[in-house]
file input_13.pdb (PDB, C-alpha atoms)
ATOM      1  CA  TYR U  28     -53.904 127.091 -34.411
ATOM      2  CA  SER U  29     -55.978 125.299 -31.758
ATOM      3  CA  GLY U  30     -57.234 128.538 -30.219
ATOM      4  CA  GLU U  31     -60.575 127.363 -28.852
ATOM      5  CA  GLN U  32     -59.899 128.847 -25.414
ATOM      6  CA  PHE U  33     -60.090 132.453 -26.662
ATOM      7  CA  ILE U  34     -61.387 132.412 -30.262
ATOM      8  CA  ALA U  35     -65.012 133.165 -29.332
ATOM      9  CA  GLU U  36     -63.986 136.419 -27.602
ATOM     10  CA  ALA U  37     -61.846 137.376 -30.581
ATOM     11  CA  MET U  38     -64.680 136.687 -33.025
ATOM     12  CA  GLU U  39     -67.197 138.572 -30.890
ATOM     13  CA  SER U  40     -64.937 141.618 -30.856
ATOM     14  CA  ALA U  41     -64.491 141.428 -34.633
ATOM     15  CA  ILE U  42     -68.179 141.228 -35.481
ATOM     16  CA  ALA U  43     -69.100 143.892 -32.901
ATOM     17  CA  GLN U  44     -67.068 146.573 -34.703
ATOM     18  CA  THR U  45     -68.799 149.890 -35.388
ATOM     19  CA  TYR U  46     -67.017 149.856 -38.755
ATOM     20  CA  SER U  47     -68.898 147.259 -40.763
ATOM     21  CA  ASN U  48     -67.197 147.252 -44.188
ATOM     22  CA  LEU U  49     -64.975 144.324 -43.364
ATOM     23  CA  GLU U  50     -64.317 140.707 -44.039
ATOM     24  CA  ILE U  51     -62.846 138.188 -41.652
ATOM     25  CA  ILE U  52     -60.143 135.914 -42.993
ATOM     26  CA  VAL U  53     -59.342 132.883 -40.873
ATOM     27  CA  SER U  54     -56.149 131.089 -41.792
ATOM     28  CA  ASP U  55     -56.138 127.859 -39.859
ATOM     29  CA  ASP U  56     -52.919 125.916 -39.364
ATOM     30  CA  ASP U  57     -54.637 122.532 -38.961
ATOM     31  CA  SER U  58     -56.294 123.091 -35.582
ATOM     32  CA  LYS U  59     -56.906 119.952 -33.539
ATOM     33  CA  ASP U  60     -59.603 121.368 -31.257
ATOM     34  CA  ALA U  61     -63.018 123.044 -31.663
ATOM     35  CA  THR U  62     -61.612 126.305 -33.094
ATOM     36  CA  LEU U  63     -63.174 125.865 -36.535
ATOM     37  CA  ASP U  64     -66.541 124.798 -35.109
ATOM     38  CA  ILE U  65     -66.614 127.968 -33.014
ATOM     39  CA  ILE U  66     -65.761 130.122 -36.028
ATOM     40  CA  LYS U  67     -68.447 128.411 -38.114
ATOM     41  CA  PHE U  68     -70.941 129.190 -35.346
ATOM     42  CA  PHE U  69     -70.110 132.886 -35.733
ATOM     43  CA  ARG U  70     -70.798 132.737 -39.468
ATOM     44  CA  GLY U  71     -74.449 132.253 -38.572
ATOM     45  CA  LYS U  72     -74.474 135.247 -36.215
ATOM     46  CA  THR U  73     -73.368 137.924 -38.692
ATOM     47  CA  THR U  74     -73.658 139.171 -42.244
ATOM     48  CA  ILE U  75     -69.930 139.962 -42.223
ATOM     49  CA  PRO U  76     -68.213 137.557 -44.611
ATOM     50  CA  ILE U  77     -66.123 135.045 -42.683
ATOM     51  CA  HIS U  78     -63.777 133.028 -44.883
ATOM     52  CA  ILE U  79     -61.931 130.015 -43.524
ATOM     53  CA  TYR U  80     -58.796 128.964 -45.354
ATOM     54  CA  HIS U  81     -56.706 125.985 -44.399
ATOM     55  CA  HIS U  82     -52.979 126.424 -44.334
ATOM     56  CA  ASP U  83     -50.249 123.870 -43.822
ATOM     57  CA  PRO U  84     -48.260 124.894 -40.750
ATOM     58  CA  LYS U  85     -45.091 126.585 -41.965
ATOM     59  CA  GLY U  86     -44.622 129.189 -39.268
ATOM     60  CA  ILE U  87     -46.345 132.358 -38.197
ATOM     61  CA  GLY U  88     -44.894 134.521 -40.997
ATOM     62  CA  ALA U  89     -46.268 132.127 -43.602
ATOM     63  CA  ASN U  90     -49.676 132.235 -41.911
ATOM     64  CA  TRP U  91     -49.711 136.055 -41.929
ATOM     65  CA  ASN U  92     -48.761 136.072 -45.602
ATOM     66  CA  HIS U  93     -51.518 133.562 -46.328
ATOM     67  CA  CYS U  94     -54.051 135.911 -44.728
ATOM     68  CA  ILE U  95     -52.808 138.861 -46.780
ATOM     69  CA  LEU U  96     -53.004 136.847 -49.995
ATOM     70  CA  LYS U  97     -56.617 135.906 -49.274
ATOM     71  CA  ALA U  98     -57.745 139.392 -48.185
ATOM     72  CA  ASN U  99     -59.781 141.478 -50.614
ATOM     73  CA  GLY U 100     -59.744 144.789 -48.768
ATOM     74  CA  GLU U 101     -57.593 147.882 -49.020
ATOM     75  CA  PHE U 102     -56.422 147.566 -45.413
ATOM     76  CA  ILE U 103     -55.082 144.697 -43.312
ATOM     77  CA  LYS U 104     -55.685 144.401 -39.566
ATOM     78  CA  PHE U 105     -54.508 141.252 -37.834
ATOM     79  CA  LEU U 106     -56.453 139.851 -34.913
ATOM     80  CA  PHE U 107     -54.982 136.760 -33.337
ATOM     81  CA  GLN U 108     -57.064 134.117 -31.577
ATOM     82  CA  ASP U 109     -56.219 135.493 -28.129
ATOM     83  CA  ASP U 110     -56.818 139.172 -28.978
ATOM     84  CA  VAL U 111     -59.876 141.357 -28.665
ATOM     85  CA  MET U 112     -60.582 144.801 -30.095
ATOM     86  CA  GLU U 113     -62.491 147.706 -28.644
ATOM     87  CA  ASN U 114     -65.778 148.072 -30.575
ATOM     88  CA  ASP U 115     -64.636 151.255 -32.342
ATOM     89  CA  CYS U 116     -61.071 150.136 -33.067
ATOM     90  CA  LEU U 117     -61.476 149.638 -36.815
ATOM     91  CA  GLU U 118     -63.626 152.732 -37.220
ATOM     92  CA  LYS U 119     -60.963 154.934 -35.624
ATOM     93  CA  MET U 120     -58.059 153.308 -37.436
ATOM     94  CA  VAL U 121     -59.689 153.385 -40.870
ATOM     95  CA  LYS U 122     -60.786 156.991 -40.398
ATOM     96  CA  LEU U 123     -57.268 158.052 -39.457
ATOM     97  CA  ILE U 124     -55.552 156.240 -42.327
ATOM     98  CA  GLU U 125     -58.116 157.464 -44.871
ATOM     99  CA  GLU U 126     -57.640 161.061 -43.686
ATOM    100  CA  ASN U 127     -53.857 160.675 -44.137
ATOM    101  CA  PRO U 128     -53.180 159.168 -47.565
ATOM    102  CA  ASN U 129     -49.411 159.549 -47.072
ATOM    103  CA  ILE U 130     -49.480 157.201 -44.077
ATOM    104  CA  GLY U 131     -49.134 153.503 -44.835
ATOM    105  CA  LEU U 132     -49.332 152.017 -41.348
ATOM    106  CA  ILE U 133     -50.963 153.111 -38.118
ATOM    107  CA  ALA U 134     -50.793 151.537 -34.699
ATOM    108  CA  SER U 135     -52.877 151.709 -31.581
ATOM    109  CA  LYS U 136     -51.974 151.447 -27.955
ATOM    110  CA  ARG U 137     -52.820 148.132 -26.420
ATOM    111  CA  SER U 138     -53.770 146.927 -23.004
ATOM    112  CA  PHE U 139     -53.619 143.489 -21.492
ATOM    113  CA  ILE U 140     -56.230 141.220 -20.030
ATOM    114  CA  VAL U 141     -54.423 139.157 -17.429
ATOM    115  CA  GLU U 142     -56.055 136.041 -16.088
ATOM    116  CA  GLU U 143     -56.120 135.868 -12.317
ATOM    117  CA  ASN U 144     -54.268 132.560 -12.215
ATOM    118  CA  VAL U 145     -51.231 134.100 -13.989
ATOM    119  CA  ASN U 146     -51.299 137.454 -12.230
ATOM    120  CA  ASN U 147     -48.028 137.199 -10.320
ATOM    121  CA  ASP U 148     -44.782 139.118  -9.749
ATOM    122  CA  ALA U 149     -43.254 137.997 -13.055
ATOM    123  CA  THR U 150     -46.361 139.093 -14.943
ATOM    124  CA  ASN U 151     -46.456 142.444 -13.181
ATOM    125  CA  GLU U 152     -42.739 142.972 -13.872
ATOM    126  CA  TRP U 153     -43.277 142.215 -17.561
ATOM    127  CA  LEU U 154     -46.246 144.600 -17.737
ATOM    128  CA  GLU U 155     -44.241 147.363 -16.070
ATOM    129  CA  LYS U 156     -41.542 147.014 -18.706
ATOM    130  CA  TYR U 157     -43.599 146.391 -21.852
ATOM    131  CA  GLU U 158     -47.164 147.617 -21.343
ATOM    132  CA  ASP U 159     -46.591 151.125 -22.755
ATOM    133  CA  LEU U 160     -43.998 150.819 -25.502
ATOM    134  CA  GLN U 161     -44.202 154.499 -26.428
ATOM    135  CA  LYS U 162     -43.805 155.996 -22.938
ATOM    136  CA  GLU U 163     -40.176 156.885 -23.605
ATOM    137  CA  PHE U 164     -41.257 159.331 -26.299
ATOM    138  CA  GLY U 165     -42.956 161.417 -23.627
ATOM    139  CA  SER U 166     -46.155 162.017 -25.527
ATOM    140  CA  THR U 167     -49.416 162.219 -23.627
ATOM    141  CA  GLU U 168     -51.433 162.927 -26.776
ATOM    142  CA  SER U 169     -54.010 160.358 -27.807
ATOM    143  CA  ASN U 170     -52.644 160.519 -31.370
ATOM    144  CA  TYR U 171     -48.903 160.504 -31.702
ATOM    145  CA  CYS U 172     -47.140 160.221 -35.029
ATOM    146  CA  LEU U 173     -44.017 158.096 -35.090
ATOM    147  CA  THR U 174     -42.126 159.519 -38.048
ATOM    148  CA  ARG U 175     -38.702 158.755 -39.473
ATOM    149  CA  ASP U 176     -37.311 161.109 -36.834
ATOM    150  CA  ILE U 177     -37.730 158.282 -34.331
ATOM    151  CA  PHE U 178     -34.721 156.519 -35.851
ATOM    152  CA  SER U 179     -32.412 159.335 -34.743
ATOM    153  CA  LEU U 180     -33.468 159.191 -31.093
ATOM    154  CA  ASN U 181     -31.198 157.450 -28.597
ATOM    155  CA  THR U 182     -34.267 155.789 -27.109
ATOM    156  CA  PHE U 183     -34.946 154.051 -30.417
ATOM    157  CA  ILE U 184     -32.127 151.572 -29.813
ATOM    158  CA  SER U 185     -32.856 151.067 -26.112
ATOM    159  CA  ASN U 186     -34.938 148.237 -24.711
ATOM    160  CA  PRO U 187     -37.599 147.391 -25.424
ATOM    161  CA  LYS U 188     -36.630 147.299 -29.107
ATOM    162  CA  ASN U 189     -40.244 147.057 -30.246
ATOM    163  CA  LYS U 190     -41.698 150.578 -30.180
ATOM    164  CA  ILE U 191     -44.983 149.740 -31.890
ATOM    165  CA  GLY U 192     -46.429 146.556 -30.421
ATOM    166  CA  GLU U 193     -47.490 143.195 -31.692
ATOM    167  CA  PRO U 194     -48.743 142.844 -35.287
ATOM    168  CA  SER U 195     -52.325 142.982 -34.049
ATOM    169  CA  THR U 196     -51.838 146.608 -32.922
ATOM    170  CA  VAL U 197     -51.450 147.883 -36.475
ATOM    171  CA  LEU U 198     -53.574 148.500 -39.523
ATOM    172  CA  PHE U 199     -51.761 148.948 -42.806
ATOM    173  CA  ARG U 200     -52.477 149.529 -46.456
ATOM    174  CA  LYS U 201     -52.357 146.260 -48.364
ATOM    175  CA  SER U 202     -50.492 148.161 -51.078
ATOM    176  CA  LEU U 203     -47.464 148.310 -48.752
ATOM    177  CA  ILE U 204     -46.876 144.655 -49.574
ATOM    178  CA  ASP U 205     -46.155 145.659 -53.185
ATOM    179  CA  GLU U 206     -43.550 148.131 -51.929
ATOM    180  CA  ILE U 207     -41.801 146.202 -49.170
ATOM    181  CA  GLY U 208     -42.813 142.593 -49.687
ATOM    182  CA  TYR U 209     -44.382 139.954 -47.510
ATOM    183  CA  PHE U 210     -43.328 138.874 -44.023
ATOM    184  CA  ASN U 211     -40.059 137.000 -43.807
ATOM    185  CA  GLU U 212     -41.025 133.384 -43.321
TER     186      GLU U 212
END
call {"tool": "encode", "arguments": {"input": "input_13.pdb", "output": "structure tokens"}}
result
Amino acid sequence: YSGEQFIAEAMESAIAQTYSNLEIIVSDDDSKDATLDIIKFFRGKTTIPIHIYHHDPKGIGANWNHCILKANGEFIKFLFQDDVMENDCLEKMVKLIEENPNIGLIASKRSFIVEENVNNDATNEWLEKYEDLQKEFGSTESNYCLTRDIFSLNTFISNPKNKIGEPSTVLFRKSLIDEIGYFNE
């Protein structure tokens, strides 16, 4: 919704992926700015299908579900208007999930781009606390599997409660929706 400030960077990162078997689903909650014009501009810059679907604002969960309903692929990877992906993000994630058919969801580490005008003590304090959500598991490996064993660890119930990251850090099999249902709206 009204994401013109960052949407061009998000779109550029999506179409620059080294993994090219993708479609881009845009679910717009009635933007009032130039967001849709910017997205339409990117349609002309790529052969990647970019579908724009309008959605009556009913909350973020409803918007995520709308995207899933419109997606044709086997995997779902959210990218919000203020996110960017490394160029090989999808390639690495898809490779890993395809090599592990018993895994339904994978997540990546994330880093933050902090604008200079908001780089202050409060921001730095927040980053110190939340930047690496998995640090308490003590793994230095680049690939770390969070299994069901995580639920038995004392650190699982400590703050921060989120051990994975925002929805845009994960890629999951669309078939999981059949098993566990859609997002709670």
call {"tool": "atom_distance", "arguments": {"input": "input_13.pdb", "atom1": "atom CA of Glu31 of chain U", "atom2": "atom CA of Asn146 of chain U"}}
result
21.5 Å
call {"tool": "atom_distance", "arguments": {"input": "input_13.pdb", "atom1": "atom CA of Glu50 of chain U", "atom2": "atom CA of Asp115 of chain U"}}
result
15.8 Å
call {"tool": "residues_around", "arguments": {"input": "input_13.pdb", "residues": "segment 57-61 of chain U", "least_positions_apart": "6", "cutoff": "12 Å", "atoms": "only C-alpha atoms", "output": "list in words"}}
result
Tyr28, Ser29, Gly30, Glu31, Gln32, Phe33, Ile34, Ala35, Lys67, Phe68, Ile79, Tyr80, His81, His82, Asp83, Pro84, Lys85, Asn90 and Gln108 of chain U
call {"tool": "resolve_selection", "arguments": {"input": "input_13.pdb", "expression": "the PyMOL selection byres ((chain U and resi 76) around 9)", "output": "compact mmCIF listing (two decimals) with C-alpha atoms, keeping the file's coordinate frame"}}
result
# COMPACT_ATOMS: atom_id res chain seq x y z
CA LEU U 49 -64.97 144.32 -43.36
CA GLU U 50 -64.32 140.71 -44.04
CA ILE U 51 -62.85 138.19 -41.65
CA ILE U 52 -60.14 135.91 -42.99
CA ARG U 70 -70.80 132.74 -39.47
CA THR U 73 -73.37 137.92 -38.69
CA THR U 74 -73.66 139.17 -42.24
CA ILE U 75 -69.93 139.96 -42.22
CA ILE U 77 -66.12 135.04 -42.68
CA HIS U 78 -63.78 133.03 -44.88
call {"tool": "closest_residue", "arguments": {"input": "input_13.pdb", "among": "U:Thr182, U:Gly86, U:Ile140, U:Glu36", "to": "Asp55 of chain U", "atoms": "only C-alpha atoms"}}
result
U:Gly86
call {"tool": "residues_around", "arguments": {"input": "input_13.pdb", "residues": "Phe105 of chain U", "least_positions_apart": "6", "cutoff": "8 Å", "atoms": "all atoms listed in the file", "output": "list in words"}}
result
Pro194, Ser195, Thr196, Val197 and Leu198 of chain U
call {"tool": "atom_distance", "arguments": {"input": "input_13.pdb", "atom1": "atom CA of Asp56 of chain U", "atom2": "atom CA of Asn99 of chain U"}}
result
20.4 Å
call {"tool": "closest_residue", "arguments": {"input": "input_13.pdb", "among": "U:His93, U:Ser138, U:Ile133, U:Leu106", "to": "Lys119 of chain U", "atoms": "only C-alpha atoms"}}
result
U:Ile133
call {"tool": "residues_around", "arguments": {"input": "input_13.pdb", "residues": "segment 199-206 of chain U", "least_positions_apart": "4", "cutoff": "7 Å", "atoms": "all atoms listed in the file", "output": "PyMOL selection string"}}
result
chain U and resi 101-104+131-133
call {"tool": "axis_aligned_box", "arguments": {"input": "input_13.pdb", "around": "segment 91-107 of chain U", "padding_each_side": "5 Å", "output": "JSON"}}
result
{"center_x": -54.3, "center_y": 140.7, "center_z": -42.0, "size_x": 21.0, "size_y": 24.3, "size_z": 27.3}
call {"tool": "closest_residue", "arguments": {"input": "input_13.pdb", "among": "U:Leu123, U:Ile65, U:Val111, U:Leu160", "to": "Ile191 of chain U", "atoms": "all atoms listed in the file"}}
result
U:Leu160
call {"tool": "residues_around", "arguments": {"input": "input_13.pdb", "residues": "Lys188 of chain U", "least_positions_apart": "5", "cutoff": "12 Å", "atoms": "all atoms listed in the file", "output": "PyMOL selection string"}}
result
chain U and resi 156-157+160-161+163+178+181-183+193
call {"tool": "write_last_selection", "arguments": {"input": "input_13.pdb", "atoms": "C-alpha atoms", "output": "JSON list (two decimals), in the frame of the given file"}}
result
[["chain", "number", "residue", "atom", "x", "y", "z"],
["U", 156, "LYS", "CA", -41.54, 147.01, -18.71],
["U", 157, "TYR", "CA", -43.60, 146.39, -21.85],
["U", 160, "LEU", "CA", -44.00, 150.82, -25.50],
["U", 161, "GLN", "CA", -44.20, 154.50, -26.43],
["U", 163, "GLU", "CA", -40.18, 156.88, -23.60],
["U", 178, "PHE", "CA", -34.72, 156.52, -35.85],
["U", 181, "ASN", "CA", -31.20, 157.45, -28.60],
["U", 182, "THR", "CA", -34.27, 155.79, -27.11],
["U", 183, "PHE", "CA", -34.95, 154.05, -30.42],
["U", 193, "GLU", "CA", -47.49, 143.20, -31.69]]
call {"tool": "closest_residue", "arguments": {"input": "input_13.pdb", "among": "U:Tyr209, U:Ile130, U:Thr45, U:Asp176", "to": "Cys94 of chain U", "atoms": "only C-alpha atoms"}}
result
U:Tyr209
call {"tool": "closest_residue", "arguments": {"input": "input_13.pdb", "among": "U:Val121, U:Phe210, U:Asn186, U:Ser54", "to": "Phe107 of chain U", "atoms": "only C-alpha atoms"}}
result
U:Ser54
